[in-house]
>>> print(open('my_file.txt').read())   # compact mmCIF, C-alpha atoms
# COMPACT_ATOMS: atom_id res chain seq x y z
CA MET F 113 -75.87 -41.76 19.44
CA GLU F 114 -72.12 -41.81 19.98
CA ILE F 115 -70.67 -38.56 21.23
CA ILE F 116 -67.48 -37.83 19.32
CA PHE F 117 -66.61 -34.68 21.25
CA PRO F 118 -67.37 -35.57 24.90
CA ASN F 119 -68.02 -32.67 27.29
CA GLN F 120 -68.22 -30.22 24.40
CA SER F 121 -72.03 -29.90 24.12
CA ALA F 122 -72.24 -27.03 26.63
CA LEU F 123 -69.40 -25.20 24.92
CA ILE F 124 -71.03 -25.67 21.52
CA THR F 125 -74.36 -24.37 22.86
CA GLN F 126 -72.55 -21.33 24.22
CA ARG F 127 -70.82 -20.86 20.84
CA VAL F 128 -67.35 -20.99 22.40
CA ARG F 129 -64.72 -21.45 19.72
CA LYS F 130 -62.04 -24.00 20.52
CA ALA F 131 -58.54 -24.50 19.14
CA TYR F 132 -58.27 -27.60 16.95
CA GLN F 133 -55.36 -29.13 15.06
CA LEU F 134 -55.42 -31.52 12.13
CA LEU F 135 -52.16 -33.48 11.86
CA PHE F 136 -51.09 -35.32 8.71
CA SER F 137 -48.22 -37.79 8.99
CA ASP F 138 -45.57 -38.57 6.43
CA HIS F 139 -44.83 -42.14 5.34
CA CYS F 140 -42.61 -42.63 8.45
CA GLY F 141 -45.36 -41.60 10.88
CA ASP F 142 -43.87 -38.20 11.72
CA ALA F 143 -46.03 -35.05 11.60
CA ALA F 144 -45.51 -33.71 8.08
CA LYS F 145 -48.25 -31.10 8.17
CA ILE F 146 -50.20 -29.44 10.98
CA VAL F 147 -53.27 -27.32 10.25
CA ARG F 148 -54.52 -25.22 13.17
CA PHE F 149 -58.03 -23.77 13.21
CA ASP F 150 -60.68 -22.45 15.59
CA SER F 151 -64.18 -23.85 15.46
CA ASP F 152 -67.33 -24.30 17.52
CA ASP F 153 -67.24 -28.09 17.04
CA GLY F 154 -64.40 -29.07 14.72
CA HIS F 155 -66.50 -29.66 11.60
CA GLU F 156 -64.04 -27.62 9.51
CA ALA F 157 -61.65 -30.57 9.78
CA PHE F 158 -63.51 -32.27 6.91
CA SER F 159 -63.10 -29.35 4.49
CA LEU F 160 -59.42 -29.04 5.43
CA ALA F 161 -58.83 -32.79 5.09
CA GLN F 162 -60.68 -32.77 1.73
CA ARG F 163 -57.72 -30.86 0.28
CA GLU F 164 -55.34 -33.74 1.03
CA THR F 165 -54.66 -36.77 -1.15
CA PRO F 166 -57.29 -39.53 -0.79
CA GLY F 167 -56.06 -42.22 1.55
CA ARG F 168 -53.98 -39.85 3.64
CA ALA F 169 -55.08 -40.04 7.28
CA GLY F 170 -55.42 -37.01 9.50
CA GLU F 171 -55.57 -36.89 13.27
CA LEU F 172 -57.97 -34.36 14.80
CA TRP F 173 -56.88 -32.86 18.12
CA LEU F 174 -58.58 -30.48 20.55
CA ASP F 175 -55.88 -28.69 22.51
CA ASP F 176 -53.58 -31.54 23.61
CA GLN F 177 -56.21 -34.30 23.35
CA PRO F 178 -56.51 -36.58 20.31
CA LEU F 179 -60.18 -36.80 19.25
CA CYS F 180 -60.24 -39.06 16.19
CA ARG F 181 -58.57 -40.10 12.95
CA LEU F 182 -60.12 -39.13 9.60
CA THR F 183 -59.53 -40.95 6.34
CA ARG F 184 -61.00 -40.51 2.88
CA ASP F 185 -60.74 -43.27 0.29
CA GLU F 186 -60.40 -43.01 -3.49
CA ASP F 187 -64.22 -43.05 -3.83
CA ASP F 188 -64.45 -39.93 -1.61
CA VAL F 189 -65.95 -41.87 1.31
CA TRP F 190 -64.98 -40.63 4.78
CA SER F 191 -64.20 -42.85 7.75
CA ILE F 192 -63.89 -41.65 11.33
CA HIS F 193 -61.82 -43.83 13.64
CA PRO F 194 -61.29 -43.53 17.39
CA ALA F 195 -58.10 -41.83 18.48
CA LEU F 196 -55.47 -44.17 19.75
CA PRO F 197 -55.07 -43.66 23.52
CA SER F 198 -51.27 -43.75 23.32
CA GLN F 199 -51.06 -40.90 20.79
CA THR F 200 -48.86 -37.99 21.77
CA ARG F 201 -47.71 -35.00 19.80
>>> encode(input="my_file.txt", output="structure tokens")
Amino acid sequence: MEIIFPNQSALITQRVRKAYQLLFSDHCGDAAKIVRFDSDDGHEAFSLAQRETPGRAGELWLDDQPLCRLTRDEDDVWSIHPALPSQTR
């Protein structure tokens, strides 16, 4: 099993809520929309990203660390991609 949120299992077990951000870029790659939320494990990112236009990618961050990229295609199929190591906000 691949661990998407490394070092978070103890925090999840303890029910510690963490600060997440979901960033959506505009067509130039700049942050056009930032959605901040608290969660035990970040699963709310899917319901927040579901509200966006299919095909629009979102970047999920925990504090200042990029975790992954989320995309949803026109058939409502989700893809989770690794965060790019060079990403900065």
>>> residues_around(input="my_file.txt", residues="Glu186 in chain F", least_positions_apart="3", cutoff="12 Å", atoms="only C-alpha atoms", output="list in words")
Gln162, Glu164, Thr165, Pro166, Gly167, Arg168, Thr183, Val189, Trp190 and Ser191 of chain F
>>> write_last_selection(input="my_file.txt", atoms="C-alpha atoms", output="tab-separated table (two decimals), keeping the file's coordinate frame")
chain	number	residue	atom	x	y	z
F	162	GLN	CA	-60.68	-32.77	1.73
F	164	GLU	CA	-55.34	-33.74	1.03
F	165	THR	CA	-54.66	-36.77	-1.15
F	166	PRO	CA	-57.29	-39.53	-0.79
F	167	GLY	CA	-56.06	-42.22	1.55
F	168	ARG	CA	-53.98	-39.85	3.64
F	183	THR	CA	-59.53	-40.95	6.34
F	189	VAL	CA	-65.95	-41.87	1.31
F	190	TRP	CA	-64.98	-40.63	4.78
F	191	SER	CA	-64.20	-42.85	7.75
>>> closest_residue(input="my_file.txt", among="F:Arg129, F:Asp185, F:Ser137, F:Leu179", to="Pro197 in chain F", atoms="only C-alpha atoms")
F:Leu179
>>> atom_distance(input="my_file.txt", atom1="CA of Gly170 in chain F", atom2="CA of Val128 in chain F")
23.8 Å
>>> atom_distance(input="my_file.txt", atom1="CA of Leu160 in chain F", atom2="CA of Trp173 in chain F")
13.5 Å
>>> atom_distance(input="my_file.txt", atom1="CA of Ile192 in chain F", atom2="CA of Asp175 in chain F")
18.9 Å
>>> closest_residue(input="my_file.txt", among="F:Val147, F:Ala131, F:Ser159, F:Leu196", to="Arg184 in chain F", atoms="only C-alpha atoms")
F:Ser159
>>> residues_around(input="my_file.txt", residues="Leu134 in chain F", least_positions_apart="3", cutoff="6 Å", atoms="all atoms listed in the file", output="list in words")
Ile146, Val147, Glu171 and Leu172 of chain F
>>> closest_residue(input="my_file.txt", among="F:Ala195, F:Ala169, F:Leu174, F:Leu135", to="Ser151 in chain F", atoms="only C-alpha atoms")
F:Leu174
>>> closest_residue(input="my_file.txt", among="F:Pro194, F:His155, F:Leu182, F:Asp150", to="Phe136 in chain F", atoms="only C-alpha atoms")
F:Leu182
